[in-house]
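Structure file protein-v9.txt (compact mmCIF, C-alpha atoms) follows.
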```
# COMPACT_ATOMS: atom_id res chain seq x y z
CA MET A 1 14.09 -32.03 -25.48
CA LYS A 2 16.17 -29.75 -23.24
CA ARG A 3 15.54 -26.85 -25.61
CA LYS A 4 11.77 -27.44 -25.44
CA ILE A 5 11.89 -27.50 -21.65
CA LEU A 6 13.91 -24.26 -21.58
CA LYS A 7 11.42 -22.63 -23.92
CA LEU A 8 8.56 -23.75 -21.70
CA ILE A 9 10.31 -22.40 -18.61
CA LEU A 10 10.97 -19.09 -20.36
CA PHE A 11 7.35 -18.87 -21.50
CA ILE A 12 6.07 -19.53 -17.96
CA ALA A 13 8.51 -16.95 -16.57
CA LEU A 14 7.33 -14.32 -19.06
CA ILE A 15 3.69 -15.01 -18.23
CA TYR A 16 4.47 -14.70 -14.52
CA ILE A 17 6.27 -11.37 -15.04
CA PHE A 18 3.41 -10.07 -17.20
CA LEU A 19 0.79 -10.98 -14.58
CA PHE A 20 2.92 -9.62 -11.75
CA LEU A 21 3.39 -6.26 -13.46
CA ASN A 22 -0.31 -6.00 -14.33
CA ASN A 23 -1.20 -6.46 -10.66
CA ASN A 24 1.57 -4.42 -9.04
CA TRP A 25 2.89 -1.71 -11.39
CA LEU A 26 1.02 1.40 -10.26
CA GLN A 27 -0.19 3.79 -12.95
CA THR A 28 -1.16 7.45 -12.46
CA THR A 29 -3.86 8.91 -14.71
CA THR A 30 -4.46 12.67 -14.71
CA TYR A 31 -7.51 14.70 -15.69
CA GLU A 32 -8.12 18.44 -15.78
CA ILE A 33 -11.70 19.60 -15.41
CA LYS A 34 -12.35 23.15 -16.51
CA SER A 35 -15.59 24.99 -15.81
CA ASP A 36 -16.88 28.48 -15.19
CA ARG A 37 -18.87 26.94 -12.32
CA ILE A 38 -15.67 26.30 -10.36
CA PRO A 39 -15.04 29.17 -7.91
CA LYS A 40 -11.77 31.06 -8.45
CA ALA A 41 -10.72 30.16 -4.90
CA PHE A 42 -10.62 26.49 -5.92
CA ASP A 43 -8.72 26.95 -9.16
CA GLY A 44 -5.95 24.35 -9.15
CA LEU A 45 -7.49 22.16 -6.43
CA THR A 46 -5.89 18.73 -6.79
CA ILE A 47 -7.75 15.55 -5.84
CA VAL A 48 -6.25 12.08 -5.76
CA GLN A 49 -8.81 9.28 -6.06
CA LEU A 50 -8.13 5.76 -4.83
CA SER A 51 -10.66 2.98 -5.33
CA ASP A 52 -11.15 -0.75 -4.91
CA LEU A 53 -8.03 -1.57 -2.91
CA HIS A 54 -9.60 -4.92 -1.95
CA ASP A 55 -6.93 -5.48 0.74
CA ALA A 56 -4.16 -5.50 -1.87
CA THR A 57 -0.67 -4.57 -0.69
CA PHE A 58 1.78 -2.25 -2.41
CA GLY A 59 5.02 -2.47 -0.48
CA GLU A 60 5.51 -2.99 3.23
CA LYS A 61 2.65 -1.23 5.03
CA GLN A 62 1.53 0.14 1.64
CA SER A 63 4.75 2.18 1.34
CA ARG A 64 4.88 2.25 -2.48
CA LEU A 65 1.29 3.45 -2.76
CA VAL A 66 1.70 6.06 -0.03
CA GLU A 67 4.86 7.49 -1.61
CA LYS A 68 3.17 7.69 -5.02
CA VAL A 69 0.25 9.63 -3.53
CA LYS A 70 2.48 11.87 -1.43
CA LYS A 71 4.53 12.94 -4.45
CA LEU A 72 1.33 14.09 -6.16
CA LYS A 73 0.79 16.66 -3.34
CA PRO A 74 -3.00 16.32 -3.25
CA ASP A 75 -5.22 18.84 -1.53
CA LEU A 76 -7.73 16.03 -0.96
CA VAL A 77 -7.83 12.24 -1.27
CA PHE A 78 -11.11 10.53 -2.18
CA VAL A 79 -11.49 6.81 -1.41
CA THR A 80 -14.48 5.48 -3.33
CA GLY A 81 -15.26 2.15 -1.73
CA ASP A 82 -14.11 -1.46 -1.53
CA LEU A 83 -11.19 -0.56 0.68
CA ILE A 84 -11.46 -4.13 1.95
CA ASP A 85 -12.41 -7.42 0.31
CA SER A 86 -15.22 -9.59 1.64
CA ASN A 87 -13.40 -12.78 0.59
CA ARG A 88 -10.25 -12.05 2.64
CA TYR A 89 -11.23 -9.38 5.13
CA ASP A 90 -8.13 -7.70 6.58
CA LEU A 91 -9.02 -4.24 7.83
CA ASP A 92 -5.61 -3.61 9.42
CA ASN A 93 -3.92 -3.99 6.03
CA SER A 94 -6.11 -1.28 4.53
CA LEU A 95 -5.83 0.97 7.57
CA ASP A 96 -2.04 0.92 7.10
CA LEU A 97 -2.70 3.02 4.00
CA VAL A 98 -5.20 5.41 5.55
CA GLU A 99 -3.15 6.01 8.71
CA GLN A 100 -0.39 7.44 6.54
CA LEU A 101 -2.58 9.40 4.12
CA VAL A 102 -4.22 11.42 6.90
CA THR A 103 -0.83 12.71 8.03
CA PHE A 104 -0.45 14.89 4.93
CA THR A 105 -3.92 15.47 3.43
CA SER A 106 -7.66 15.36 4.07
CA VAL A 107 -9.25 12.01 3.25
CA TYR A 108 -12.89 11.45 2.26
CA TYR A 109 -14.49 8.01 2.02
CA VAL A 110 -17.66 6.21 0.95
CA THR A 111 -18.57 2.55 1.22
CA GLY A 112 -18.46 0.04 -1.61
CA ASN A 113 -20.38 -3.18 -1.99
CA HIS A 114 -17.64 -5.24 -0.28
CA GLU A 115 -17.87 -3.26 2.97
CA VAL A 116 -21.58 -4.04 2.97
CA ALA A 117 -21.10 -7.69 1.94
CA VAL A 118 -18.70 -8.41 4.79
CA ASN A 119 -21.32 -7.00 7.20
CA GLN A 120 -18.77 -4.81 8.97
CA VAL A 121 -19.76 -1.32 7.82
CA SER A 122 -19.90 0.07 11.37
CA GLU A 123 -16.53 -1.41 12.33
CA ILE A 124 -14.89 -0.06 9.18
CA THR A 125 -16.40 3.42 9.28
CA GLU A 126 -15.72 3.88 13.00
CA ALA A 127 -12.08 2.87 12.50
CA LEU A 128 -11.78 5.39 9.67
CA LYS A 129 -13.47 8.16 11.64
CA SER A 130 -11.09 7.56 14.54
CA LEU A 131 -8.23 8.32 12.15
CA GLY A 132 -9.83 11.59 11.07
CA VAL A 133 -11.32 10.42 7.78
CA HIS A 134 -14.42 12.23 6.52
CA VAL A 135 -16.87 9.34 6.13
CA LEU A 136 -19.80 10.43 3.97
CA ALA A 137 -22.93 8.29 4.36
CA ASN A 138 -25.52 10.13 2.24
CA GLU A 139 -24.03 13.36 3.53
CA THR A 140 -22.39 16.56 2.31
CA GLU A 141 -19.62 18.74 3.66
CA LEU A 142 -19.10 22.30 2.47
CA LEU A 143 -15.51 23.32 1.80
CA LYS A 144 -14.88 27.04 2.14
CA GLN A 145 -11.91 29.03 0.93
CA ASP A 146 -11.44 32.79 0.51
CA GLY A 147 -15.16 33.40 0.91
CA GLU A 148 -16.17 30.83 -1.74
CA THR A 149 -17.66 27.35 -1.37
CA ILE A 150 -17.77 23.95 -3.03
CA ALA A 151 -19.64 20.88 -1.81
CA ILE A 152 -18.25 17.39 -1.26
CA ALA A 153 -21.03 14.81 -1.14
CA GLY A 154 -20.89 11.06 -0.65
CA ILE A 155 -23.43 8.27 -0.85
CA GLU A 156 -23.48 4.75 0.55
CA ASP A 157 -23.33 1.79 -1.79
CA PRO A 158 -26.86 0.72 -2.80
CA LEU A 159 -26.19 -2.82 -1.54
CA MET A 160 -27.14 -1.33 1.86
CA ARG A 161 -30.69 -1.78 0.55
CA ALA A 162 -30.03 -4.91 -1.48
CA ILE A 163 -33.60 -5.88 -2.32
CA GLU A 164 -34.28 -2.57 -4.05
CA ASP A 165 -33.36 -1.27 -7.50
CA PRO A 166 -29.87 0.35 -7.32
CA ILE A 167 -31.05 3.16 -9.61
CA VAL A 168 -33.82 4.06 -7.19
CA VAL A 169 -31.56 3.73 -4.14
CA VAL A 170 -28.83 5.93 -5.63
CA GLY A 171 -31.42 8.57 -6.60
CA GLU A 172 -32.89 8.64 -3.10
CA SER A 173 -29.44 8.70 -1.49
CA LEU A 174 -28.49 11.65 -3.69
CA ASP A 175 -31.65 13.49 -2.68
CA VAL A 176 -30.64 13.16 0.97
CA ALA A 177 -26.96 13.97 0.44
CA MET A 178 -27.62 17.04 -1.69
CA SER A 179 -30.64 18.39 0.17
CA LYS A 180 -28.65 20.98 2.14
CA ILE A 181 -26.36 22.15 -0.66
CA PRO A 182 -27.00 25.79 -1.57
CA GLU A 183 -28.19 26.29 -5.15
CA GLN A 184 -25.51 26.67 -7.83
CA THR A 185 -22.80 25.27 -5.54
CA TYR A 186 -20.15 23.33 -7.46
CA THR A 187 -20.47 19.74 -6.22
CA LEU A 188 -18.04 16.82 -6.09
CA LEU A 189 -19.64 13.43 -5.41
CA LEU A 190 -18.05 10.23 -4.13
CA SER A 191 -20.07 7.21 -5.25
CA HIS A 192 -18.86 3.67 -5.78
CA ARG A 193 -20.96 2.77 -8.83
CA PRO A 194 -20.54 4.09 -12.39
CA GLU A 195 -23.37 2.12 -14.01
CA VAL A 196 -25.97 4.62 -12.75
CA PHE A 197 -24.42 7.50 -14.71
CA ASN A 198 -27.87 8.68 -15.82
CA VAL A 199 -28.85 9.34 -12.20
CA TYR A 200 -25.84 11.60 -11.67
CA VAL A 201 -26.61 13.46 -14.89
CA GLU A 202 -30.28 13.95 -13.98
CA ASN A 203 -29.23 15.37 -10.60
CA GLU A 204 -26.75 17.73 -12.30
CA VAL A 205 -23.79 16.68 -10.17
CA ASP A 206 -20.68 18.45 -11.44
CA VAL A 207 -18.02 15.75 -10.90
CA VAL A 208 -18.63 12.17 -9.78
CA PHE A 209 -15.79 9.92 -8.62
CA THR A 210 -16.60 6.20 -9.07
CA GLY A 211 -14.89 2.80 -9.21
CA HIS A 212 -16.39 -0.70 -8.86
CA ALA A 213 -15.83 -1.86 -12.47
CA HIS A 214 -12.12 -2.77 -12.00
CA GLY A 215 -11.43 -1.41 -15.47
CA GLY A 216 -13.37 -4.33 -16.89
CA GLN A 217 -10.79 -6.65 -15.23
CA VAL A 218 -9.41 -7.61 -18.65
CA ARG A 219 -8.87 -4.68 -21.02
CA ILE A 220 -8.79 -5.41 -24.72
CA PRO A 221 -6.52 -2.91 -26.49
CA GLY A 222 -8.55 -0.60 -28.72
CA ILE A 223 -11.86 -1.87 -27.31
CA GLY A 224 -11.88 -1.45 -23.52
CA GLY A 225 -13.05 -3.49 -20.57
CA LEU A 226 -14.34 -7.03 -20.95
CA ILE A 227 -16.87 -7.37 -18.11
CA ALA A 228 -18.05 -5.39 -15.10
CA PRO A 229 -20.56 -5.94 -12.27
CA GLY A 230 -23.88 -4.28 -12.98
CA GLN A 231 -22.93 -3.75 -16.63
CA GLY A 232 -22.19 -7.21 -18.04
CA TRP A 233 -20.03 -7.89 -21.10
CA PHE A 234 -18.26 -5.04 -22.91
CA PRO A 235 -19.47 -2.43 -20.42
CA SER A 236 -19.68 1.28 -21.18
CA TYR A 237 -18.20 2.64 -17.96
CA THR A 238 -14.98 0.98 -16.85
CA ALA A 239 -12.40 3.78 -17.05
CA GLY A 240 -11.88 7.39 -18.00
CA ASP A 241 -13.83 10.65 -17.92
CA HIS A 242 -17.42 10.50 -19.17
CA LYS A 243 -19.20 13.80 -19.78
CA ARG A 244 -22.86 14.59 -20.35
CA GLY A 245 -24.50 17.93 -19.65
CA ILE A 246 -22.64 19.59 -16.78
CA THR A 247 -21.63 16.20 -15.32
CA ASN A 248 -18.18 14.65 -15.52
CA MET A 249 -17.98 11.07 -14.21
CA ILE A 250 -14.50 9.77 -13.47
CA VAL A 251 -14.28 5.96 -13.44
CA ASN A 252 -11.23 4.71 -11.54
CA ARG A 253 -9.95 1.28 -12.66
CA GLY A 254 -9.07 0.45 -9.06
CA LEU A 255 -6.06 -0.99 -7.30
CA GLY A 256 -6.82 -4.57 -6.33
CA ASN A 257 -8.76 -7.68 -7.27
CA SER A 258 -11.50 -9.76 -5.76
CA LEU A 259 -12.74 -13.10 -7.12
CA VAL A 260 -10.61 -12.85 -10.27
CA PRO A 261 -6.97 -12.67 -9.10
CA TYR A 262 -5.37 -11.05 -12.17
CA ARG A 263 -5.72 -7.81 -14.08
CA ILE A 264 -4.89 -8.03 -17.80
CA PHE A 265 -3.66 -4.92 -19.67
CA ASN A 266 -5.15 -3.12 -16.71
CA ARG A 267 -2.56 -1.85 -14.25
CA PRO A 268 -3.67 -0.65 -10.79
CA GLU A 269 -4.63 2.99 -11.10
CA ILE A 270 -4.24 6.19 -9.11
CA VAL A 271 -6.41 8.99 -10.49
CA VAL A 272 -5.53 12.68 -10.20
CA VAL A 273 -8.13 15.36 -10.95
CA THR A 274 -7.26 19.05 -11.06
CA LEU A 275 -10.02 21.67 -11.08
CA LYS A 276 -9.51 24.73 -13.29
CA SER A 277 -11.79 27.74 -13.03
CA SER A 278 -12.65 29.51 -16.28
CA ARG A 279 -14.43 32.41 -14.59
```
Using the file provided, produce a representation of the structure as structure tokens.
Amino acid sequence: MKRKILKLILFIALIYIFLFLNNNWLQTTTYEIKSDRIPKAFDGLTIVQLSDLHDATFGEKQSRLVEKVKKLKPDLVFVTGDLIDSNRYDLDNSLDLVEQLVTFTSVYYVTGNHEVAVNQVSEITEALKSLGVHVLANETELLKQDGETIAIAGIEDPLMRAIEDPIVVVGESLDVAMSKIPEQTYTLLLSHRPEVFNVYVENEVDVVFTGHAHGGQVRIPGIGGLIAPGQGWFPSYTAGDHKRGITNMIVNRGLGNSLVPYRIFNRPEIVVVTLKSSR
């Protein structure tokens, strides 16, 4: 009997450790995107993408996450939505991260569906702007270096217009965001949702940084993600680099959780993208 109890305790302990590591052991995934469309001046530009924090905590005042990002020496950090969670809204916890990131790099941000759902978009974006974050709400900024230019565009989550088709909303938001970009300008887009990949391809966006799918929450080895919002069971876009035409879409598996409290075979992810010019 004692042996059975010990085995049960050991089994429970192993399950706890497994779940703890899946939720807290940060993973860095790197991609290199090579193109003759990338200006020589931006060869080697390094971007760290963070997504779907959902008010999760990685060390005191996000210290573990900040140190991981700092060691990567990013030129830019992109935050692609769901910085907070609508089920346990704690803006200060997420701002602990951003306050430190802006001390060593430029930070760009777009909303996710949870910022919209909590009905605090203005409060969140104003707090971020006050810290020096580039908040992109269907807008574009041009980044210039050594006489050459790339564009950084960002669109709001389509939940801002909830009663409309997300495909239509994303298309219209892109039209607005990209309307002032000079022709043939290499364009990086921050957008929360990967399930509208076709829209990004049709608009010939060069690189899209997305999240939202949480890696499928549960990842089945050799198969991929189990379920994702907007995509259903066994979704196509939960992680990785997806390429069609001139468009690369990076899907970040995210950092935190929302309604489902555990990630399975799906560690919290920091994405690093390096641009390489082949001109």
Skip A:Arg279 itself and residues of its chain fewer than 5 positions away, then list as a VMD selection string all residues within 9 Å of it, counting only C-alpha atoms. chain A and resid 35 to 40
Rounded to one decimal in Å, what is the spacing between atom CA of A:Leu136 and atom CA of A:Asp52?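 Computing the Euclidean distance for atom CA of A:Leu136 and atom CA of A:Asp52 yields 16.7 Å.
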Just checking: using all atoms listed in the file, which residue out of A:His114, A:His54, A:Lys276, A:Arg267 ends up closest to A:Gln27?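 Nearest candidate to A:Gln27 out of A:His114, A:His54, A:Lys276, A:Arg267: A:Arg267.
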So how far away is atom CA of A:Ile155 from atom CA of A:Met178, in Å?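 Rounded to one decimal, the two atoms are 9.8 Å apart.
Among the candidate residues A:Pro74, A:Gly112, A:Pro194, A:Gly59, the one lying nearest to A:Val273 is A:Pro74, with distances computed using all atoms listed in the file.
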Provide the atom CA of A:Ala228 to atom CA of A:Asn22 distance in Å, to one decimal place.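 Straight-line distance from atom CA of A:Ala228 to atom CA of A:Asn22 works out to 17.8 Å.
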Considering all atoms listed in the file, state which residue in the set A:Leu190, A:Ile47, A:Ile12, A:Ala56 is at the smallest distance from A:Thr30. A:Ile47
Can you pull out the residues contacting A:Gln49? Cut-off 7 Å, using all atoms listed in the file, and skip same-chain residues under 5 positions away; I want them as a list in words. Val77, Phe78, Val79, Ile270, Val271 and Val272 of chain A
Per-residue nearest contacts stretch 42-79 of chain A to stretch 86-99 of chain A, cut-off 8 Å, using all atoms listed in the file, as a Markdown table:
```
| residue | atom | partner | partner_atom | distance |
| --- | --- | --- | --- | --- |
| A:Leu53 | CA | A:Ser94 | CA | 7.7 |
| A:Asp55 | CA | A:Ser94 | CA | 5.7 |
| A:Ala56 | CA | A:Ser94 | CA | 7.9 |
| A:Thr57 | CA | A:Asn93 | CA | 7.5 |
| A:Lys61 | CA | A:Asp96 | CA | 5.6 |
| A:Gln62 | CA | A:Leu97 | CA | 5.6 |
| A:Ser63 | CA | A:Leu97 | CA | 8.0 |
| A:Leu65 | CA | A:Leu97 | CA | 7.9 |
| A:Val66 | CA | A:Leu97 | CA | 6.7 |
```
